[in-house]
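A.B. asks: What follows is target01.csv; its format and atoms are CSV, N, CA and C atoms.
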```csv
chain,number,residue,atom,x,y,z
Y,1,MET,N,13.8,-14.8,-30.8
Y,1,MET,CA,14.3,-15.2,-29.5
Y,1,MET,C,13.2,-15.1,-28.4
Y,2,GLU,N,12.9,-16.2,-27.7
Y,2,GLU,CA,11.9,-16.2,-26.7
Y,2,GLU,C,12.5,-15.7,-25.4
Y,3,ARG,N,11.7,-14.8,-24.7
Y,3,ARG,CA,12.2,-14.2,-23.5
Y,3,ARG,C,11.1,-14.4,-22.4
Y,4,GLY,N,11.5,-14.7,-21.2
Y,4,GLY,CA,10.6,-14.8,-20.1
Y,4,GLY,C,10.5,-13.4,-19.4
Y,5,ALA,N,9.6,-13.4,-18.4
Y,5,ALA,CA,9.4,-12.2,-17.7
Y,5,ALA,C,10.7,-11.9,-16.9
Y,6,THR,N,11.1,-10.6,-16.8
Y,6,THR,CA,12.3,-10.2,-16.1
Y,6,THR,C,12.0,-9.6,-14.7
Y,7,HIS,N,10.8,-9.2,-14.5
Y,7,HIS,CA,10.4,-8.5,-13.3
Y,7,HIS,C,9.0,-8.9,-12.9
Y,8,ALA,N,8.7,-8.9,-11.6
Y,8,ALA,CA,7.3,-9.0,-11.1
Y,8,ALA,C,6.9,-7.5,-11.0
Y,9,ILE,N,5.6,-7.3,-11.0
Y,9,ILE,CA,5.0,-5.9,-10.8
Y,9,ILE,C,4.2,-5.9,-9.5
Y,10,ALA,N,4.4,-5.0,-8.6
Y,10,ALA,CA,3.7,-4.8,-7.4
Y,10,ALA,C,2.9,-3.5,-7.4
Y,11,VAL,N,1.8,-3.5,-6.8
Y,11,VAL,CA,1.0,-2.2,-6.6
Y,11,VAL,C,0.7,-2.0,-5.2
Y,12,LYS,N,0.7,-0.7,-4.8
Y,12,LYS,CA,0.4,-0.4,-3.4
Y,12,LYS,C,-0.6,0.8,-3.4
Y,13,ALA,N,-1.5,0.9,-2.4
Y,13,ALA,CA,-2.5,1.9,-2.3
Y,13,ALA,C,-2.4,2.7,-1.0
Y,14,HIS,N,-2.2,4.0,-1.2
Y,14,HIS,CA,-2.3,5.0,0.0
Y,14,HIS,C,-3.8,5.3,0.0
Y,15,ILE,N,-4.6,4.7,0.9
Y,15,ILE,CA,-6.0,4.9,0.9
Y,15,ILE,C,-6.3,5.9,2.1
Y,16,TRP,N,-6.9,7.0,1.7
Y,16,TRP,CA,-7.2,8.1,2.7
Y,16,TRP,C,-8.7,8.2,2.9
Y,17,ARG,N,-9.1,8.4,4.1
Y,17,ARG,CA,-10.5,8.6,4.5
Y,17,ARG,C,-10.5,9.7,5.6
Y,18,ALA,N,-11.2,10.8,5.3
Y,18,ALA,CA,-11.3,11.9,6.3
Y,18,ALA,C,-9.9,12.3,6.9
Y,19,GLY,N,-8.9,12.5,6.0
Y,19,GLY,CA,-7.6,12.9,6.4
Y,19,GLY,C,-6.7,11.9,7.0
Y,20,LYS,N,-7.2,10.7,7.1
Y,20,LYS,CA,-6.4,9.6,7.7
Y,20,LYS,C,-6.0,8.5,6.7
Y,21,LEU,N,-4.8,7.9,6.9
Y,21,LEU,CA,-4.3,6.9,6.0
Y,21,LEU,C,-4.6,5.5,6.6
Y,22,LEU,N,-5.1,4.6,5.8
Y,22,LEU,CA,-5.2,3.2,6.2
Y,22,LEU,C,-3.9,2.5,6.2
Y,23,ILE,N,-3.4,2.0,7.4
Y,23,ILE,CA,-2.2,1.3,7.5
Y,23,ILE,C,-2.5,-0.1,8.1
Y,24,LEU,N,-1.7,-1.1,7.7
Y,24,LEU,CA,-1.9,-2.5,8.1
Y,24,LEU,C,-0.6,-3.0,8.7
Y,25,LYS,N,-0.7,-3.7,9.8
Y,25,LYS,CA,0.5,-4.3,10.4
Y,25,LYS,C,0.8,-5.6,9.9
Y,26,ARG,N,2.0,-5.8,9.3
Y,26,ARG,CA,2.4,-7.1,8.7
Y,26,ARG,C,2.6,-8.1,9.9
Y,27,GLN,N,2.2,-9.4,9.6
Y,27,GLN,CA,2.4,-10.4,10.6
Y,27,GLN,C,3.9,-10.5,11.0
Y,28,GLU,N,4.2,-10.8,12.3
Y,28,GLU,CA,5.5,-10.8,12.8
Y,28,GLU,C,6.4,-11.8,12.0
Y,29,ASN,N,5.9,-12.9,11.6
Y,29,ASN,CA,6.7,-13.9,10.9
Y,29,ASN,C,6.8,-13.6,9.4
Y,30,ASP,N,6.3,-12.5,8.9
Y,30,ASP,CA,6.4,-12.2,7.4
Y,30,ASP,C,7.9,-12.0,7.1
Y,31,GLU,N,8.2,-12.6,5.9
Y,31,GLU,CA,9.6,-12.6,5.5
Y,31,GLU,C,10.1,-11.2,5.1
Y,32,GLU,N,9.2,-10.4,4.6
Y,32,GLU,CA,9.6,-9.0,4.3
Y,32,GLU,C,8.9,-8.0,5.3
Y,33,TYR,N,9.8,-7.4,6.1
Y,33,TYR,CA,9.3,-6.4,7.1
Y,33,TYR,C,8.3,-6.9,8.1
Y,34,GLY,N,8.5,-8.1,8.6
Y,34,GLY,CA,7.6,-8.6,9.6
Y,34,GLY,C,7.4,-7.7,10.8
Y,35,GLY,N,6.2,-7.4,11.2
Y,35,GLY,CA,5.9,-6.5,12.4
Y,35,GLY,C,5.9,-5.0,12.0
Y,36,TYR,N,6.3,-4.7,10.8
Y,36,TYR,CA,6.2,-3.3,10.3
Y,36,TYR,C,4.8,-2.9,9.9
Y,37,TRP,N,4.5,-1.7,9.8
Y,37,TRP,CA,3.3,-1.2,9.3
Y,37,TRP,C,3.4,-0.9,7.8
Y,38,ASP,N,2.4,-1.1,7.1
Y,38,ASP,CA,2.4,-1.1,5.6
Y,38,ASP,C,1.1,-0.5,5.1
Y,39,ILE,N,1.0,-0.4,3.8
Y,39,ILE,CA,-0.3,-0.1,3.1
Y,39,ILE,C,-0.7,-1.2,2.3
Y,40,PRO,N,-2.0,-1.3,1.9
Y,40,PRO,CA,-2.4,-2.5,1.2
Y,40,PRO,C,-1.8,-2.6,-0.2
Y,41,GLY,N,-1.6,-3.8,-0.7
Y,41,GLY,CA,-1.1,-4.0,-2.0
Y,41,GLY,C,-0.4,-5.4,-2.1
Y,42,GLY,N,0.1,-5.6,-3.3
Y,42,GLY,CA,0.7,-6.9,-3.6
Y,42,GLY,C,1.1,-7.0,-5.1
Y,43,ARG,N,1.4,-8.2,-5.5
Y,43,ARG,CA,1.8,-8.4,-6.9
Y,43,ARG,C,0.7,-8.6,-7.8
Y,44,LEU,N,0.8,-8.2,-9.1
Y,44,LEU,CA,-0.2,-8.4,-10.1
Y,44,LEU,C,-0.2,-9.9,-10.5
Y,45,LEU,N,-1.4,-10.3,-10.9
Y,45,LEU,CA,-1.5,-11.7,-11.5
Y,45,LEU,C,-1.4,-11.6,-13.0
Y,46,PRO,N,-1.1,-12.7,-13.7
Y,46,PRO,CA,-1.0,-12.6,-15.1
Y,46,PRO,C,-2.4,-12.1,-15.7
Y,47,GLY,N,-2.3,-11.2,-16.6
Y,47,GLY,CA,-3.5,-10.7,-17.3
Y,47,GLY,C,-4.1,-9.5,-16.6
Y,48,GLU,N,-3.7,-9.1,-15.4
Y,48,GLU,CA,-4.3,-8.0,-14.7
Y,48,GLU,C,-3.6,-6.7,-15.1
Y,49,ASP,N,-4.4,-5.6,-15.2
Y,49,ASP,CA,-3.7,-4.3,-15.4
Y,49,ASP,C,-3.6,-3.8,-13.9
Y,50,ALA,N,-2.9,-2.7,-13.8
Y,50,ALA,CA,-2.5,-2.2,-12.5
Y,50,ALA,C,-3.7,-1.9,-11.6
Y,51,ARG,N,-4.7,-1.2,-12.2
Y,51,ARG,CA,-5.9,-0.8,-11.4
Y,51,ARG,C,-6.7,-2.1,-10.9
Y,52,GLN,N,-6.8,-3.1,-11.8
Y,52,GLN,CA,-7.5,-4.3,-11.5
Y,52,GLN,C,-6.8,-5.0,-10.3
Y,53,GLY,N,-5.5,-5.1,-10.5
Y,53,GLY,CA,-4.7,-5.8,-9.4
Y,53,GLY,C,-4.7,-5.0,-8.1
Y,54,LEU,N,-4.7,-3.7,-8.2
Y,54,LEU,CA,-4.7,-2.9,-7.0
Y,54,LEU,C,-6.1,-3.1,-6.3
Y,55,THR,N,-7.1,-3.1,-7.0
Y,55,THR,CA,-8.5,-3.2,-6.5
Y,55,THR,C,-8.6,-4.6,-5.8
Y,56,ARG,N,-8.1,-5.6,-6.5
Y,56,ARG,CA,-8.2,-7.0,-6.0
Y,56,ARG,C,-7.4,-7.1,-4.7
Y,57,GLU,N,-6.2,-6.6,-4.7
Y,57,GLU,CA,-5.3,-6.7,-3.5
Y,57,GLU,C,-5.9,-6.0,-2.3
Y,58,VAL,N,-6.5,-4.8,-2.6
Y,58,VAL,CA,-7.1,-4.0,-1.5
Y,58,VAL,C,-8.3,-4.8,-0.9
Y,59,ARG,N,-9.1,-5.3,-1.8
Y,59,ARG,CA,-10.3,-6.1,-1.3
Y,59,ARG,C,-9.8,-7.3,-0.5
Y,60,GLU,N,-8.8,-8.1,-1.0
Y,60,GLU,CA,-8.4,-9.3,-0.3
Y,60,GLU,C,-7.8,-8.9,1.0
Y,61,GLU,N,-7.1,-7.8,1.2
Y,61,GLU,CA,-6.4,-7.5,2.4
Y,61,GLU,C,-7.3,-6.7,3.4
Y,62,THR,N,-8.3,-6.0,2.9
Y,62,THR,CA,-9.0,-5.1,3.8
Y,62,THR,C,-10.6,-5.2,3.6
Y,63,GLY,N,-11.0,-5.8,2.6
Y,63,GLY,CA,-12.5,-5.8,2.3
Y,63,GLY,C,-13.0,-4.5,1.7
Y,64,LEU,N,-12.2,-3.5,1.5
Y,64,LEU,CA,-12.6,-2.2,1.0
Y,64,LEU,C,-12.5,-2.2,-0.5
Y,65,ALA,N,-13.3,-1.3,-1.1
Y,65,ALA,CA,-13.3,-1.0,-2.6
Y,65,ALA,C,-12.7,0.4,-2.7
Y,66,PRO,N,-11.4,0.5,-3.2
Y,66,PRO,CA,-10.8,1.8,-3.3
Y,66,PRO,C,-11.5,2.6,-4.4
Y,67,GLN,N,-11.6,3.9,-4.2
Y,67,GLN,CA,-12.2,4.9,-5.2
Y,67,GLN,C,-11.2,6.0,-5.5
Y,68,LYS,N,-11.4,6.6,-6.6
Y,68,LYS,CA,-10.6,7.8,-7.1
Y,68,LYS,C,-9.1,7.4,-7.1
Y,69,ILE,N,-8.8,6.3,-7.8
Y,69,ILE,CA,-7.5,5.8,-7.8
Y,69,ILE,C,-6.6,6.6,-8.8
Y,70,ARG,N,-5.5,7.1,-8.3
Y,70,ARG,CA,-4.6,7.9,-9.2
Y,70,ARG,C,-3.2,7.4,-9.0
Y,71,PRO,N,-2.4,7.4,-10.1
Y,71,PRO,CA,-1.0,6.9,-10.0
Y,71,PRO,C,-0.2,8.0,-9.2
Y,72,LEU,N,0.8,7.5,-8.5
Y,72,LEU,CA,1.6,8.3,-7.6
Y,72,LEU,C,3.1,8.2,-7.9
Y,73,THR,N,3.7,7.0,-7.7
Y,73,THR,CA,5.2,6.9,-7.9
Y,73,THR,C,5.5,5.5,-8.4
Y,74,VAL,N,6.7,5.4,-8.9
Y,74,VAL,CA,7.3,4.1,-9.4
Y,74,VAL,C,8.5,3.8,-8.6
Y,75,TRP,N,8.7,2.6,-8.2
Y,75,TRP,CA,9.9,2.2,-7.4
Y,75,TRP,C,10.3,0.8,-7.7
Y,76,ASP,N,11.4,0.4,-7.2
Y,76,ASP,CA,11.8,-1.0,-7.5
Y,76,ASP,C,12.7,-1.6,-6.3
Y,77,TYR,N,12.7,-2.9,-6.2
Y,77,TYR,CA,13.5,-3.6,-5.2
Y,77,TYR,C,13.7,-5.0,-5.6
Y,78,GLU,N,14.4,-5.8,-4.8
Y,78,GLU,CA,14.6,-7.2,-5.1
Y,78,GLU,C,14.2,-8.0,-3.9
Y,79,ALA,N,13.4,-9.0,-4.1
Y,79,ALA,CA,12.9,-9.9,-3.1
Y,79,ALA,C,13.1,-11.3,-3.4
Y,80,GLY,N,13.9,-12.0,-2.7
Y,80,GLY,CA,14.1,-13.5,-2.9
Y,80,GLY,C,14.7,-13.8,-4.3
Y,81,GLY,N,15.5,-12.9,-4.8
Y,81,GLY,CA,16.1,-13.1,-6.1
Y,81,GLY,C,15.2,-12.7,-7.3
Y,82,THR,N,14.0,-12.1,-7.0
Y,82,THR,CA,13.1,-11.6,-8.0
Y,82,THR,C,13.2,-10.1,-8.0
Y,83,LYS,N,13.4,-9.5,-9.2
Y,83,LYS,CA,13.3,-8.0,-9.3
Y,83,LYS,C,11.9,-7.6,-9.4
Y,84,VAL,N,11.5,-6.6,-8.7
Y,84,VAL,CA,10.1,-6.2,-8.6
Y,84,VAL,C,10.1,-4.7,-9.0
Y,85,VAL,N,9.2,-4.3,-9.9
Y,85,VAL,CA,8.9,-2.9,-10.2
Y,85,VAL,C,7.6,-2.6,-9.4
Y,86,GLY,N,7.5,-1.6,-8.7
Y,86,GLY,CA,6.4,-1.2,-7.9
Y,86,GLY,C,5.7,0.1,-8.3
Y,87,LEU,N,4.4,0.1,-8.2
Y,87,LEU,CA,3.6,1.3,-8.6
Y,87,LEU,C,2.8,1.7,-7.3
Y,88,SER,N,2.9,2.9,-6.9
Y,88,SER,CA,2.1,3.4,-5.8
Y,88,SER,C,1.0,4.3,-6.3
Y,89,PHE,N,-0.2,4.2,-5.7
Y,89,PHE,CA,-1.4,4.9,-6.1
Y,89,PHE,C,-2.0,5.6,-4.8
Y,90,LEU,N,-2.6,6.8,-5.1
Y,90,LEU,CA,-3.4,7.4,-4.1
Y,90,LEU,C,-4.9,6.9,-4.3
Y,91,ALA,N,-5.6,6.8,-3.3
Y,91,ALA,CA,-7.0,6.3,-3.4
Y,91,ALA,C,-7.8,6.9,-2.2
Y,92,ARG,N,-9.1,6.8,-2.3
Y,92,ARG,CA,-10.0,7.3,-1.3
Y,92,ARG,C,-11.0,6.1,-1.0
Y,93,THR,N,-11.6,6.2,0.2
Y,93,THR,CA,-12.8,5.4,0.5
Y,93,THR,C,-13.6,6.2,1.5
Y,94,GLU,N,-14.9,5.8,1.5
Y,94,GLU,CA,-15.8,6.4,2.5
Y,94,GLU,C,-16.1,5.4,3.6
Y,95,GLU,N,-15.6,4.1,3.3
Y,95,GLU,CA,-15.8,3.0,4.3
Y,95,GLU,C,-14.8,3.1,5.4
Y,96,GLU,N,-15.3,2.8,6.6
Y,96,GLU,CA,-14.4,2.9,7.8
Y,96,GLU,C,-14.0,1.5,8.3
Y,97,ARG,N,-14.9,0.5,8.2
Y,97,ARG,CA,-14.7,-0.8,8.7
Y,97,ARG,C,-13.8,-1.6,7.8
Y,98,VAL,N,-12.8,-2.2,8.3
Y,98,VAL,CA,-11.8,-3.0,7.6
Y,98,VAL,C,-11.9,-4.4,8.0
Y,99,ARG,N,-11.8,-5.3,7.0
Y,99,ARG,CA,-11.8,-6.8,7.3
Y,99,ARG,C,-10.4,-7.3,6.9
Y,100,LEU,N,-9.6,-7.6,7.9
Y,100,LEU,CA,-8.2,-8.0,7.6
Y,100,LEU,C,-8.1,-9.4,7.1
Y,101,SER,N,-7.1,-9.6,6.2
Y,101,SER,CA,-6.8,-10.9,5.7
Y,101,SER,C,-5.8,-11.5,6.7
Y,102,ALA,N,-5.4,-12.8,6.5
Y,102,ALA,CA,-4.4,-13.4,7.4
Y,102,ALA,C,-3.0,-12.8,7.3
Y,103,GLU,N,-2.8,-12.0,6.3
Y,103,GLU,CA,-1.4,-11.4,6.0
Y,103,GLU,C,-1.1,-10.3,7.1
Y,104,HIS,N,-2.1,-9.8,7.7
Y,104,HIS,CA,-1.9,-8.7,8.7
Y,104,HIS,C,-2.5,-8.9,10.0
Y,105,SER,N,-2.0,-8.3,11.1
Y,105,SER,CA,-2.5,-8.6,12.4
Y,105,SER,C,-3.3,-7.4,13.0
Y,106,ALA,N,-3.2,-6.3,12.4
Y,106,ALA,CA,-3.9,-5.1,12.9
Y,106,ALA,C,-4.0,-4.0,11.8
Y,107,TYR,N,-4.9,-3.1,12.0
Y,107,TYR,CA,-5.0,-1.9,11.1
Y,107,TYR,C,-5.3,-0.7,11.9
Y,108,ALA,N,-5.0,0.4,11.3
Y,108,ALA,CA,-5.3,1.7,11.9
Y,108,ALA,C,-5.6,2.8,10.8
Y,109,TRP,N,-6.4,3.7,11.2
Y,109,TRP,CA,-6.6,4.9,10.3
Y,109,TRP,C,-5.7,6.0,11.0
Y,110,MET,N,-4.5,6.2,10.4
Y,110,MET,CA,-3.5,7.0,11.0
Y,110,MET,C,-3.6,8.5,10.5
Y,111,ALA,N,-3.7,9.4,11.5
Y,111,ALA,CA,-3.6,10.8,11.2
Y,111,ALA,C,-2.2,11.2,11.0
Y,112,PRO,N,-1.9,12.2,10.1
Y,112,PRO,CA,-0.5,12.5,9.8
Y,112,PRO,C,0.3,12.8,11.1
Y,113,GLU,N,-0.2,13.4,12.1
Y,113,GLU,CA,0.6,13.7,13.3
Y,113,GLU,C,0.9,12.5,14.1
Y,114,GLU,N,0.3,11.4,13.8
Y,114,GLU,CA,0.5,10.1,14.5
Y,114,GLU,C,1.6,9.2,13.9
Y,115,MET,N,2.2,9.7,12.8
Y,115,MET,CA,3.1,8.9,12.0
Y,115,MET,C,4.3,8.3,12.8
Y,116,SER,N,4.8,9.1,13.7
Y,116,SER,CA,6.0,8.7,14.5
Y,116,SER,C,5.7,7.5,15.4
Y,117,ALA,N,4.5,7.2,15.7
Y,117,ALA,CA,4.1,6.1,16.6
Y,117,ALA,C,4.1,4.8,15.9
Y,118,TYR,N,4.4,4.8,14.6
Y,118,TYR,CA,4.3,3.5,13.8
Y,118,TYR,C,5.7,3.3,13.1
Y,119,ARG,N,6.1,2.0,13.0
Y,119,ARG,CA,7.3,1.6,12.4
Y,119,ARG,C,7.0,1.2,10.9
Y,120,PHE,N,7.6,2.0,10.0
Y,120,PHE,CA,7.4,1.7,8.5
Y,120,PHE,C,8.8,1.5,7.9
Y,121,ALA,N,8.8,0.8,6.8
Y,121,ALA,CA,10.0,0.7,6.0
Y,121,ALA,C,10.4,2.1,5.6
Y,122,ALA,N,11.7,2.4,5.5
Y,122,ALA,CA,12.2,3.8,5.3
Y,122,ALA,C,11.6,4.4,4.0
Y,123,ASN,N,11.5,3.7,2.9
Y,123,ASN,CA,11.0,4.3,1.7
Y,123,ASN,C,9.5,4.6,1.8
Y,124,LEU,N,8.8,3.7,2.5
Y,124,LEU,CA,7.3,4.0,2.6
Y,124,LEU,C,7.1,5.2,3.5
Y,125,GLU,N,7.9,5.3,4.6
Y,125,GLU,CA,7.8,6.4,5.5
Y,125,GLU,C,8.0,7.7,4.7
Y,126,LYS,N,9.0,7.7,3.9
Y,126,LYS,CA,9.4,8.9,3.0
Y,126,LYS,C,8.2,9.2,2.1
Y,127,GLU,N,7.6,8.2,1.5
Y,127,GLU,CA,6.5,8.4,0.5
Y,127,GLU,C,5.3,9.0,1.3
Y,128,ILE,N,5.0,8.5,2.4
Y,128,ILE,CA,3.8,9.0,3.2
Y,128,ILE,C,4.1,10.4,3.6
Y,129,SER,N,5.3,10.7,4.1
Y,129,SER,CA,5.6,12.1,4.4
Y,129,SER,C,5.5,13.0,3.3
Y,130,TRP,N,5.9,12.6,2.1
Y,130,TRP,CA,5.8,13.4,0.9
Y,130,TRP,C,4.4,13.7,0.5
Y,131,ILE,N,3.5,12.7,0.6
Y,131,ILE,CA,2.1,12.9,0.4
Y,131,ILE,C,1.5,14.0,1.3
Y,132,ILE,N,1.8,13.8,2.6
Y,132,ILE,CA,1.3,14.8,3.6
Y,132,ILE,C,1.8,16.2,3.3
Y,133,GLU,N,3.1,16.3,3.0
Y,133,GLU,CA,3.8,17.6,2.8
Y,133,GLU,C,3.1,18.3,1.6
Y,134,LYS,N,2.7,17.5,0.6
Y,134,LYS,CA,2.0,18.1,-0.6
Y,134,LYS,C,0.6,18.4,-0.4
Y,135,GLY,N,0.0,17.9,0.7
Y,135,GLY,CA,-1.4,18.1,1.0
Y,135,GLY,C,-2.3,17.2,0.2
Y,136,TRP,N,-1.8,16.1,-0.3
Y,136,TRP,CA,-2.6,15.3,-1.2
Y,136,TRP,C,-3.5,14.3,-0.4
Y,137,HIS,N,-3.3,14.3,0.9
Y,137,HIS,CA,-4.2,13.5,1.8
Y,137,HIS,C,-5.5,14.1,2.2
Y,138,LEU,N,-5.6,15.4,1.9
Y,138,LEU,CA,-6.8,16.1,2.3
Y,138,LEU,C,-7.9,16.0,1.3
```
Using structure tokens, write down the structure that the file contains.
C.D. replies:
Amino acid sequence: MERGATHAIAVKAHIWRAGKLLILKRQENDEEYGGYWDIPGGRLLPGEDARQGLTREVREETGLAPQKIRPLTVWDYEAGGTKVVGLSFLARTEEERVRLSAEHSAYAWMAPEEMSAYRFAANLEKEISWIIEKGWHL
């Protein structure tokens, strides 16, 4: 019996530098969470493994090359009738300068104590808080 893909796979990177998290503001007209702050990531392309896809997405969205990539969490959601399985990773960079893609309108290196100044999707806010609580951002 031939079976097609049942889910898309998405990857997201919590990229830390000097105790601050790189966050990106989604364009206001974005169908998913327009105007909200997010972290770099996106869906895997056919043939990519998770780390390859994560590195590609981070480069496309920020111009950065993530380092010390470690798996963090698994999550899922549905978008436009497609079921998506997501993988979050912790990563580091020494680079500070970000080159944004057209998908985002702004970026910030957010210190943990600044988190309340930004609007995140509830699940992402919870995940960031958990990382900070565990001290994995240091």
A.B. asks: Which residues are close to Glu125 (chain Y), i.e. within 12 Å by only C-alpha atoms, leaving aside same-chain residues fewer than 4 positions away? Reply as an mmCIF file with N, CA and C atoms, in the frame of the given file.
C.D. replies:
```cif
data_model
loop_
_atom_site.group_PDB
_atom_site.id
_atom_site.type_symbol
_atom_site.label_atom_id
_atom_site.label_comp_id
_atom_site.auth_asym_id
_atom_site.auth_seq_id
_atom_site.Cartn_x
_atom_site.Cartn_y
_atom_site.Cartn_z
ATOM 1 N N HIS Y 14 -2.200 4.000 -1.200
ATOM 2 C CA HIS Y 14 -2.300 5.000 0.000
ATOM 3 C C HIS Y 14 -3.800 5.300 0.000
ATOM 4 N N ILE Y 23 -3.400 2.000 7.400
ATOM 5 C CA ILE Y 23 -2.200 1.300 7.500
ATOM 6 C C ILE Y 23 -2.500 -0.100 8.100
ATOM 7 N N TYR Y 36 6.300 -4.700 10.800
ATOM 8 C CA TYR Y 36 6.200 -3.300 10.300
ATOM 9 C C TYR Y 36 4.800 -2.900 9.900
ATOM 10 N N TRP Y 37 4.500 -1.700 9.800
ATOM 11 C CA TRP Y 37 3.300 -1.200 9.300
ATOM 12 C C TRP Y 37 3.400 -0.900 7.800
ATOM 13 N N ASP Y 38 2.400 -1.100 7.100
ATOM 14 C CA ASP Y 38 2.400 -1.100 5.600
ATOM 15 C C ASP Y 38 1.100 -0.500 5.100
ATOM 16 N N ILE Y 39 1.000 -0.400 3.800
ATOM 17 C CA ILE Y 39 -0.300 -0.100 3.100
ATOM 18 C C ILE Y 39 -0.700 -1.200 2.300
ATOM 19 N N PRO Y 112 -1.900 12.200 10.100
ATOM 20 C CA PRO Y 112 -0.500 12.500 9.800
ATOM 21 C C PRO Y 112 0.300 12.800 11.100
ATOM 22 N N MET Y 115 2.200 9.700 12.800
ATOM 23 C CA MET Y 115 3.100 8.900 12.000
ATOM 24 C C MET Y 115 4.300 8.300 12.800
ATOM 25 N N SER Y 116 4.800 9.100 13.700
ATOM 26 C CA SER Y 116 6.000 8.700 14.500
ATOM 27 C C SER Y 116 5.700 7.500 15.400
ATOM 28 N N ALA Y 117 4.500 7.200 15.700
ATOM 29 C CA ALA Y 117 4.100 6.100 16.600
ATOM 30 C C ALA Y 117 4.100 4.800 15.900
ATOM 31 N N TYR Y 118 4.400 4.800 14.600
ATOM 32 C CA TYR Y 118 4.300 3.500 13.800
ATOM 33 C C TYR Y 118 5.700 3.300 13.100
ATOM 34 N N ARG Y 119 6.100 2.000 13.000
ATOM 35 C CA ARG Y 119 7.300 1.600 12.400
ATOM 36 C C ARG Y 119 7.000 1.200 10.900
ATOM 37 N N PHE Y 120 7.600 2.000 10.000
ATOM 38 C CA PHE Y 120 7.400 1.700 8.500
ATOM 39 C C PHE Y 120 8.800 1.500 7.900
ATOM 40 N N ALA Y 121 8.800 0.800 6.800
ATOM 41 C CA ALA Y 121 10.000 0.700 6.000
ATOM 42 C C ALA Y 121 10.400 2.100 5.600
ATOM 43 N N SER Y 129 5.300 10.700 4.100
ATOM 44 C CA SER Y 129 5.600 12.100 4.400
ATOM 45 C C SER Y 129 5.500 13.000 3.300
ATOM 46 N N TRP Y 130 5.900 12.600 2.100
ATOM 47 C CA TRP Y 130 5.800 13.400 0.900
ATOM 48 C C TRP Y 130 4.400 13.700 0.500
ATOM 49 N N ILE Y 131 3.500 12.700 0.600
ATOM 50 C CA ILE Y 131 2.100 12.900 0.400
ATOM 51 C C ILE Y 131 1.500 14.000 1.300
ATOM 52 N N ILE Y 132 1.800 13.800 2.600
ATOM 53 C CA ILE Y 132 1.300 14.800 3.600
ATOM 54 C C ILE Y 132 1.800 16.200 3.300
#
```
A.B. asks: For Thr62 (chain Y), find every residue with an atom within 6 Å (counting only N, CA and C atoms), except residues of its own chain fewer than 6 positions away, and show them as a PyMOL selection string.
C.D. replies: chain Y and resi 98-101
A.B. asks: Take the residues from that selection and write them out as a PDB file, in the coordinates of the input, keeping N, CA and C atoms.
C.D. replies:
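Listing of again_17.pdb after writing:
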```
ATOM      1  N   VAL Y  98     -12.800  -2.200   8.300  1.00  0.00           N
ATOM      2  CA  VAL Y  98     -11.800  -3.000   7.600  1.00  0.00           C
ATOM      3  C   VAL Y  98     -11.900  -4.400   8.000  1.00  0.00           C
ATOM      4  N   ARG Y  99     -11.800  -5.300   7.000  1.00  0.00           N
ATOM      5  CA  ARG Y  99     -11.800  -6.800   7.300  1.00  0.00           C
ATOM      6  C   ARG Y  99     -10.400  -7.300   6.900  1.00  0.00           C
ATOM      7  N   LEU Y 100      -9.600  -7.600   7.900  1.00  0.00           N
ATOM      8  CA  LEU Y 100      -8.200  -8.000   7.600  1.00  0.00           C
ATOM      9  C   LEU Y 100      -8.100  -9.400   7.100  1.00  0.00           C
ATOM     10  N   SER Y 101      -7.100  -9.600   6.200  1.00  0.00           N
ATOM     11  CA  SER Y 101      -6.800 -10.900   5.700  1.00  0.00           C
ATOM     12  C   SER Y 101      -5.800 -11.500   6.700  1.00  0.00           C
TER      13      SER Y 101
END
```
A.B. asks: Taking the backbone alone, and naming residues the way the document does, which bits of region 17-53 of chain Y are strand (DSSP E or B) by DSSP, as an mmCIF file with N, CA and C atoms, in the coordinates of the input?
C.D. replies:
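Final file, selection-v3.cif:
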```cif
data_model
loop_
_atom_site.group_PDB
_atom_site.id
_atom_site.type_symbol
_atom_site.label_atom_id
_atom_site.label_comp_id
_atom_site.auth_asym_id
_atom_site.auth_seq_id
_atom_site.Cartn_x
_atom_site.Cartn_y
_atom_site.Cartn_z
ATOM 1 N N ARG Y 17 -9.100 8.400 4.100
ATOM 2 C CA ARG Y 17 -10.500 8.600 4.500
ATOM 3 C C ARG Y 17 -10.500 9.700 5.600
ATOM 4 N N LYS Y 20 -7.200 10.700 7.100
ATOM 5 C CA LYS Y 20 -6.400 9.600 7.700
ATOM 6 C C LYS Y 20 -6.000 8.500 6.700
ATOM 7 N N LEU Y 21 -4.800 7.900 6.900
ATOM 8 C CA LEU Y 21 -4.300 6.900 6.000
ATOM 9 C C LEU Y 21 -4.600 5.500 6.600
ATOM 10 N N LEU Y 22 -5.100 4.600 5.800
ATOM 11 C CA LEU Y 22 -5.200 3.200 6.200
ATOM 12 C C LEU Y 22 -3.900 2.500 6.200
ATOM 13 N N ILE Y 23 -3.400 2.000 7.400
ATOM 14 C CA ILE Y 23 -2.200 1.300 7.500
ATOM 15 C C ILE Y 23 -2.500 -0.100 8.100
ATOM 16 N N LEU Y 24 -1.700 -1.100 7.700
ATOM 17 C CA LEU Y 24 -1.900 -2.500 8.100
ATOM 18 C C LEU Y 24 -0.600 -3.000 8.700
ATOM 19 N N LYS Y 25 -0.700 -3.700 9.800
ATOM 20 C CA LYS Y 25 0.500 -4.300 10.400
ATOM 21 C C LYS Y 25 0.800 -5.600 9.900
ATOM 22 N N ARG Y 26 2.000 -5.800 9.300
ATOM 23 C CA ARG Y 26 2.400 -7.100 8.700
ATOM 24 C C ARG Y 26 2.600 -8.100 9.900
ATOM 25 N N TRP Y 37 4.500 -1.700 9.800
ATOM 26 C CA TRP Y 37 3.300 -1.200 9.300
ATOM 27 C C TRP Y 37 3.400 -0.900 7.800
ATOM 28 N N ASP Y 38 2.400 -1.100 7.100
ATOM 29 C CA ASP Y 38 2.400 -1.100 5.600
ATOM 30 C C ASP Y 38 1.100 -0.500 5.100
ATOM 31 N N GLY Y 41 -1.600 -3.800 -0.700
ATOM 32 C CA GLY Y 41 -1.100 -4.000 -2.000
ATOM 33 C C GLY Y 41 -0.400 -5.400 -2.100
ATOM 34 N N GLY Y 42 0.100 -5.600 -3.300
ATOM 35 C CA GLY Y 42 0.700 -6.900 -3.600
ATOM 36 C C GLY Y 42 1.100 -7.000 -5.100
ATOM 37 N N ARG Y 43 1.400 -8.200 -5.500
ATOM 38 C CA ARG Y 43 1.800 -8.400 -6.900
ATOM 39 C C ARG Y 43 0.700 -8.600 -7.800
#
```
